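See below for the structure under consideration.
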Amino acid sequence: MANKKRIAAVTGAGQGIGRSIAIALANAGMSVAVSDIDESLAGKVADEIIALGGDALPLQLDVTRKVDAQAVVDAIVSRWGRLDIWCNNAGVSSMNRFFDLSEKDWDFNMDINAKGTFLCSQVAAMRMSAQDISPDNTLRGKIINTASMAGKRGNAPFLAHYVASKFAVIGLTQALAGELAERAITVNAVCPGYVNTTMQERELTWEASLRGMESDEVKRLYVDDTPLARLQTPEDVAGAVVFLASPSADFITGEAINVNGGAWMD
Ligand SMILES: NC(=O)c1ccc[n+]([C@@H]2O[C@H](COP(=O)([O-])OP(=O)(O)OC[C@H]3O[C@@H](n4cnc5c(N)ncnc54)[C@H](O)[C@@H]3O)[C@@H](O)[C@H]2O)c1
């Protein structure tokens with residue numbers, strides 16, 4: 001009998017938001033390919049899922065390398081026979097005043113956040129296009145991108161390059177949603193705000209130094225900017241991804257859903 005579980009893949013799933021997405025998709029009954037540039041982190045998260053009774057496969061993937069993305073898709077198809085959901089979550093940031101931004105800062109953010117989403121989406125969508133409609137819905141597959149509040153709100157201090165990369169992710173989300181609809185593939189994004197992860201820990205240190213403040217004071221600025229008055233957890237974001245991955249969201253495409261406690265409502 002054909003495997004009835006839906007098959008999901010998450011990039012940058014070794015920690016933070018990606019880890020929570022992978023665990024939440026597994027808890028929702030999916031088999032999950034847990035990929036990260038850091039293979040040992042991916043392995044630990046896959047072990048967590050398996051220990052919880054789920055089905056997971058750890059894989060190494062640098063999203064800037066199309067050859068890696070193809071190898072991951074091949075490994076998924078070889079293990080489970082199809083690919084239903086691809087989550088482009090891997091992302092990086094750095095912070096600097098505009099006049100101090102280097103080409104290296106620009107390339108680092110654009111390469112991983114924007115180009116990585118492009119390359120992985122192309123490989124994933126190619127595979128989805130080649131497979132039958134899913135046994136439990138009307139689609140061949142879904143792509144779900146982790147964009148950012150910074151993909152909608154340009155006024156984010158010290159993050160011009162990151163903002164540009166995340167606006168690109170949302171633009172790509174809409175363009176691909178239009179182009180891939182005829183292939184029965186949906187493309188959506190989630191837009192987190194201030195999420196408590198290692199990325200945020202790094203940003204708190206950089207921003208504190210750039211503003212001449214303490215990290216805790218910067219953290220207070222983040223909370224004060226959030227009507228629901230707390231930092232987000234990775235699980236807050238994962239819940240929205242589980243919804244987009246579920247059959248309840250099969251007719252939603254081209255959306256970039258805010259998951260930010262009200263910090264930005266556009
Ligand atoms: N933390 C936040 O406040 C926040 C807010 C909005 C959006 N986001 C976005 O959420 C996503 C996850 O962020 P996070 O906070 O969990 O970050 P994180 O730094 O805690 O985790 C990111 C993971 O991505 C992996 N990674 C880095 N470069 C990679 C590459 N080239 N290929 C594959 N994997 C790579 C890292 O090894 C790490 O495990 C990112 O796209 C980020 O831009 C985060």
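Identifiers in the structure tokens: chain A, B, ... in order shown; residue index from 1 per chain; ligand index from 1 in order shown.
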Checklist line | Per-residue DSSP, segment 55-225 of chain A, filtered to helix (DSSP H, G or I), as number ranges by chain | finding: A: 66-80, 98-100, 103-129, 149-151, 160-183, 198-211, 215-224
Expected file contents, prior selection, C-alpha atoms, as an mmCIF file, in the first residue's frame:
```cif
data_model
loop_
_atom_site.group_PDB
_atom_site.id
_atom_site.type_symbol
_atom_site.label_atom_id
_atom_site.label_comp_id
_atom_site.auth_asym_id
_atom_site.auth_seq_id
_atom_site.Cartn_x
_atom_site.Cartn_y
_atom_site.Cartn_z
ATOM 1 C CA LYS A 66 21.770 23.592 -6.091
ATOM 2 C CA VAL A 67 23.605 20.284 -6.218
ATOM 3 C CA ASP A 68 22.965 19.834 -2.461
ATOM 4 C CA ALA A 69 19.268 20.637 -2.897
ATOM 5 C CA GLN A 70 18.996 18.087 -5.715
ATOM 6 C CA ALA A 71 20.742 15.447 -3.578
ATOM 7 C CA VAL A 72 18.278 16.119 -0.739
ATOM 8 C CA VAL A 73 15.260 15.803 -3.043
ATOM 9 C CA ASP A 74 16.725 12.579 -4.485
ATOM 10 C CA ALA A 75 17.259 11.183 -0.965
ATOM 11 C CA ILE A 76 13.671 12.065 -0.008
ATOM 12 C CA VAL A 77 12.207 10.434 -3.106
ATOM 13 C CA SER A 78 14.392 7.384 -2.633
ATOM 14 C CA ARG A 79 13.253 7.015 1.000
ATOM 15 C CA TRP A 80 9.562 7.966 0.738
ATOM 16 C CA PHE A 98 23.978 51.576 5.583
ATOM 17 C CA PHE A 99 27.247 53.457 4.972
ATOM 18 C CA ASP A 100 29.180 50.670 6.691
ATOM 19 C CA GLU A 103 29.473 43.789 -0.340
ATOM 20 C CA LYS A 104 30.240 40.763 1.824
ATOM 21 C CA ASP A 105 27.262 41.591 4.092
ATOM 22 C CA TRP A 106 25.061 42.061 1.023
ATOM 23 C CA ASP A 107 26.173 38.842 -0.692
ATOM 24 C CA PHE A 108 25.929 36.756 2.498
ATOM 25 C CA ASN A 109 22.322 37.808 3.150
ATOM 26 C CA MET A 110 21.181 37.784 -0.469
ATOM 27 C CA ASP A 111 22.887 34.476 -1.297
ATOM 28 C CA ILE A 112 21.396 32.459 1.536
ATOM 29 C CA ASN A 113 18.032 34.192 2.049
ATOM 30 C CA ALA A 114 17.046 35.062 -1.517
ATOM 31 C CA LYS A 115 19.144 32.941 -3.887
ATOM 32 C CA GLY A 116 18.892 29.908 -1.587
ATOM 33 C CA THR A 117 15.092 30.175 -1.684
ATOM 34 C CA PHE A 118 15.213 30.454 -5.487
ATOM 35 C CA LEU A 119 17.523 27.452 -5.983
ATOM 36 C CA CYS A 120 15.747 25.143 -3.538
ATOM 37 C CA SER A 121 12.292 26.125 -4.821
ATOM 38 C CA GLN A 122 13.346 25.344 -8.380
ATOM 39 C CA VAL A 123 14.601 21.877 -7.453
ATOM 40 C CA ALA A 124 11.616 21.106 -5.183
ATOM 41 C CA ALA A 125 9.025 22.385 -7.669
ATOM 42 C CA MET A 126 10.630 20.404 -10.477
ATOM 43 C CA ARG A 127 10.138 17.211 -8.470
ATOM 44 C CA MET A 128 6.598 18.149 -7.408
ATOM 45 C CA SER A 129 5.662 18.886 -11.040
ATOM 46 C CA MET A 149 8.419 41.097 9.109
ATOM 47 C CA ALA A 150 11.480 42.709 7.477
ATOM 48 C CA GLY A 151 10.119 41.456 4.154
ATOM 49 C CA ALA A 160 18.955 47.242 4.717
ATOM 50 C CA HIS A 161 20.562 44.206 3.077
ATOM 51 C CA TYR A 162 18.475 41.727 5.109
ATOM 52 C CA VAL A 163 15.310 43.717 4.332
ATOM 53 C CA ALA A 164 16.157 43.572 0.614
ATOM 54 C CA SER A 165 16.679 39.806 0.826
ATOM 55 C CA LYS A 166 13.352 39.227 2.589
ATOM 56 C CA PHE A 167 11.384 41.535 0.259
ATOM 57 C CA ALA A 168 12.908 39.314 -2.455
ATOM 58 C CA VAL A 169 11.580 36.193 -0.696
ATOM 59 C CA ILE A 170 8.049 37.620 -0.610
ATOM 60 C CA GLY A 171 8.304 38.740 -4.237
ATOM 61 C CA LEU A 172 9.461 35.272 -5.205
ATOM 62 C CA THR A 173 6.616 33.748 -3.180
ATOM 63 C CA GLN A 174 4.049 35.720 -5.199
ATOM 64 C CA ALA A 175 5.751 35.188 -8.571
ATOM 65 C CA LEU A 176 6.069 31.429 -8.040
ATOM 66 C CA ALA A 177 2.519 31.150 -6.697
ATOM 67 C CA GLY A 178 1.335 32.585 -10.014
ATOM 68 C CA GLU A 179 3.633 30.541 -12.188
ATOM 69 C CA LEU A 180 3.319 27.199 -10.400
ATOM 70 C CA ALA A 181 -0.467 27.261 -9.912
ATOM 71 C CA GLU A 182 -1.023 25.515 -13.249
ATOM 72 C CA ARG A 183 1.207 22.729 -11.954
ATOM 73 C CA THR A 198 20.366 32.099 18.181
ATOM 74 C CA MET A 199 19.882 34.549 15.289
ATOM 75 C CA GLN A 200 18.182 36.940 17.688
ATOM 76 C CA GLU A 201 20.904 36.462 20.303
ATOM 77 C CA ARG A 202 23.478 37.568 17.715
ATOM 78 C CA GLU A 203 21.309 40.494 16.607
ATOM 79 C CA LEU A 204 20.820 41.693 20.190
ATOM 80 C CA THR A 205 24.590 41.891 20.638
ATOM 81 C CA TRP A 206 25.131 43.720 17.321
ATOM 82 C CA GLU A 207 22.242 46.126 17.793
ATOM 83 C CA ALA A 208 23.236 46.911 21.378
ATOM 84 C CA SER A 209 26.721 47.789 20.184
ATOM 85 C CA LEU A 210 25.426 49.911 17.260
ATOM 86 C CA ARG A 211 23.004 51.809 19.510
ATOM 87 C CA SER A 215 21.278 43.819 25.044
ATOM 88 C CA ASP A 216 18.459 43.724 27.585
ATOM 89 C CA GLU A 217 17.465 47.288 26.647
ATOM 90 C CA VAL A 218 17.300 46.290 22.964
ATOM 91 C CA LYS A 219 15.216 43.259 23.917
ATOM 92 C CA ARG A 220 12.827 45.631 25.704
ATOM 93 C CA LEU A 221 12.536 47.664 22.455
ATOM 94 C CA TYR A 222 11.519 44.460 20.619
ATOM 95 C CA VAL A 223 8.880 43.613 23.219
ATOM 96 C CA ASP A 224 7.604 47.217 23.298
#
```
Item checked: Residue neighbourhood segment 235-242 of chain A, 7 Å, only C-alpha atoms, exclusion window fewer than 4 positions, as number ranges by chain -> A: 17, 20-21, 24-25, 192, 246, 259
Go ahead and dump the residues you just picked, N, CA and C atoms, as a compact mmCIF listing (two decimals), in the first residue's frame.
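Just written: part38.txt:
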```
# COMPACT_ATOMS: atom_id res chain seq x y z
N ILE A 17 13.83 28.34 14.48
CA ILE A 17 12.50 28.22 13.87
C ILE A 17 12.40 26.95 13.03
N SER A 20 11.74 23.89 15.12
CA SER A 20 10.34 23.83 15.59
C SER A 20 9.39 23.46 14.46
N ILE A 21 9.65 23.98 13.26
CA ILE A 21 8.80 23.61 12.12
C ILE A 21 8.90 22.11 11.86
N ALA A 24 7.05 20.22 14.56
CA ALA A 24 5.60 20.43 14.48
C ALA A 24 5.01 19.67 13.28
N LEU A 25 5.70 19.65 12.16
CA LEU A 25 5.20 18.90 11.00
C LEU A 25 5.18 17.40 11.32
N PRO A 192 7.74 36.04 10.41
CA PRO A 192 7.92 36.22 11.85
C PRO A 192 8.40 37.62 12.19
N SER A 246 -1.28 22.11 5.91
CA SER A 246 -2.45 21.23 6.09
C SER A 246 -3.44 21.37 4.94
N VAL A 259 3.19 36.57 11.39
CA VAL A 259 3.15 35.83 12.67
C VAL A 259 4.07 36.61 13.60
```
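By only C-alpha atoms, and with residues fewer than 2 positions from segment 5-15 of chain A along its chain excluded, the set lying at most 6 Å from it is Asn3, Gly18, Arg19, Met30, Ser31, Val32, Ala33, Val34, Ser35, Asp36, Leu41, Ala42, Leu83, Asp84, Ile85, Trp86, Cys87, Asn88, Asn89 and Ala90 of chain A.
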Residues just named, written with N, CA and C atoms as a CSV table (one decimal), in the first residue's frame:
```csv
chain,number,residue,atom,x,y,z
A,3,ASN,N,2.5,4.8,0.8
A,3,ASN,CA,2.7,5.5,2.0
A,3,ASN,C,1.7,6.7,2.1
A,18,GLY,N,13.4,26.6,12.3
A,18,GLY,CA,13.4,25.4,11.4
A,18,GLY,C,13.2,24.2,12.2
A,19,ARG,N,13.9,24.1,13.4
A,19,ARG,CA,13.8,22.9,14.2
A,19,ARG,C,12.3,22.8,14.7
A,30,MET,N,3.5,14.1,9.6
A,30,MET,CA,4.2,14.0,8.4
A,30,MET,C,5.6,13.3,8.6
A,31,SER,N,6.1,12.7,7.6
A,31,SER,CA,7.5,12.3,7.6
A,31,SER,C,8.4,13.5,7.2
A,32,VAL,N,9.5,13.7,7.9
A,32,VAL,CA,10.2,15.0,7.7
A,32,VAL,C,11.7,14.8,7.4
A,33,ALA,N,12.1,15.4,6.3
A,33,ALA,CA,13.5,15.5,6.0
A,33,ALA,C,14.1,16.7,6.7
A,34,VAL,N,15.0,16.5,7.6
A,34,VAL,CA,15.5,17.6,8.5
A,34,VAL,C,16.9,18.0,7.9
A,35,SER,N,17.0,19.1,7.2
A,35,SER,CA,18.2,19.5,6.6
A,35,SER,C,18.8,20.7,7.2
A,36,ASP,N,20.1,20.8,7.2
A,36,ASP,CA,20.8,22.0,7.6
A,36,ASP,C,22.2,22.0,7.0
A,41,LEU,N,23.7,19.2,13.6
A,41,LEU,CA,22.5,19.8,14.2
A,41,LEU,C,21.3,19.1,13.6
A,42,ALA,N,21.3,18.9,12.2
A,42,ALA,CA,20.2,18.2,11.6
A,42,ALA,C,20.0,16.8,12.2
A,83,LEU,N,7.5,14.0,-2.6
A,83,LEU,CA,7.8,15.2,-1.8
A,83,LEU,C,6.6,16.1,-1.8
A,84,ASP,N,5.9,16.3,-0.7
A,84,ASP,CA,4.7,17.1,-0.6
A,84,ASP,C,4.9,18.5,-0.2
A,85,ILE,N,5.8,18.7,0.7
A,85,ILE,CA,5.9,20.1,1.3
A,85,ILE,C,7.4,20.4,1.4
A,86,TRP,N,7.8,21.6,0.9
A,86,TRP,CA,9.2,22.0,1.0
A,86,TRP,C,9.2,23.3,1.7
A,87,CYS,N,9.8,23.4,2.9
A,87,CYS,CA,9.9,24.7,3.7
A,87,CYS,C,11.3,25.3,3.5
A,88,ASN,N,11.3,26.4,2.8
A,88,ASN,CA,12.6,27.2,2.7
A,88,ASN,C,12.7,28.1,3.9
A,89,ASN,N,13.4,27.5,4.9
A,89,ASN,CA,13.5,28.3,6.2
A,89,ASN,C,14.9,28.8,6.5
A,90,ALA,N,15.9,28.2,5.9
A,90,ALA,CA,17.3,28.6,6.2
A,90,ALA,C,17.5,30.1,5.9
```
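For the pair atom CA of Ile133 of chain A and atom CA of Gly254 of chain A, the separation is 19.5 Å.
From atom CA of Thr226 of chain A back to atom CA of Ala22 of chain A, the distance works out to 25.7 Å.
Using only C-alpha atoms and all ligand atoms, the shortest contact distance between ligand 1 and any of A:Leu101, A:Ile50, A:Ile37, A:Ala184 is found at A:Ile37.
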Item checked: Length of the atom 35 (C, counted along the ligand's line) of ligand 1 to atom CA of Ser134 of chain A vector [Å] -> 28.5 Å
Checklist line | Option closest in space to ligand 1, from A:Leu228, A:Ala256, A:Val195, A:Ala249 [counting only C-alpha atoms and all ligand atoms] | finding: A:Val195
When DSSP works through the backbone of this structure, what residues of segment 127-204 of chain A end up as strand (DSSP E or B), shown as a compact mmCIF listing (two decimals) with C-alpha atoms, in the first residue's frame?
```
# COMPACT_ATOMS: atom_id res chain seq x y z
CA GLY A 141 3.00 20.02 -3.64
CA LYS A 142 3.44 23.08 -1.45
CA ILE A 143 6.35 25.43 -0.92
CA ILE A 144 6.39 27.42 2.34
CA ASN A 145 8.99 30.15 2.81
CA THR A 146 10.16 31.69 6.07
CA ILE A 185 1.75 23.69 -6.50
CA THR A 186 1.00 26.38 -3.91
CA VAL A 187 3.61 28.82 -2.62
CA ASN A 188 3.19 30.81 0.59
CA ALA A 189 5.32 32.49 3.22
CA VAL A 190 5.27 33.18 6.94
CA CYS A 191 6.60 36.48 8.28
CA PRO A 192 7.92 36.22 11.85
CA VAL A 195 11.75 35.40 17.55
```
Notebook entry, point to check: When distances are computed from only C-alpha atoms and all ligand atoms, which of A:Ser148, A:Asn260, A:Ser248, A:Asn137 shows the smallest separation from ligand 1?
Noted result: A:Ser148
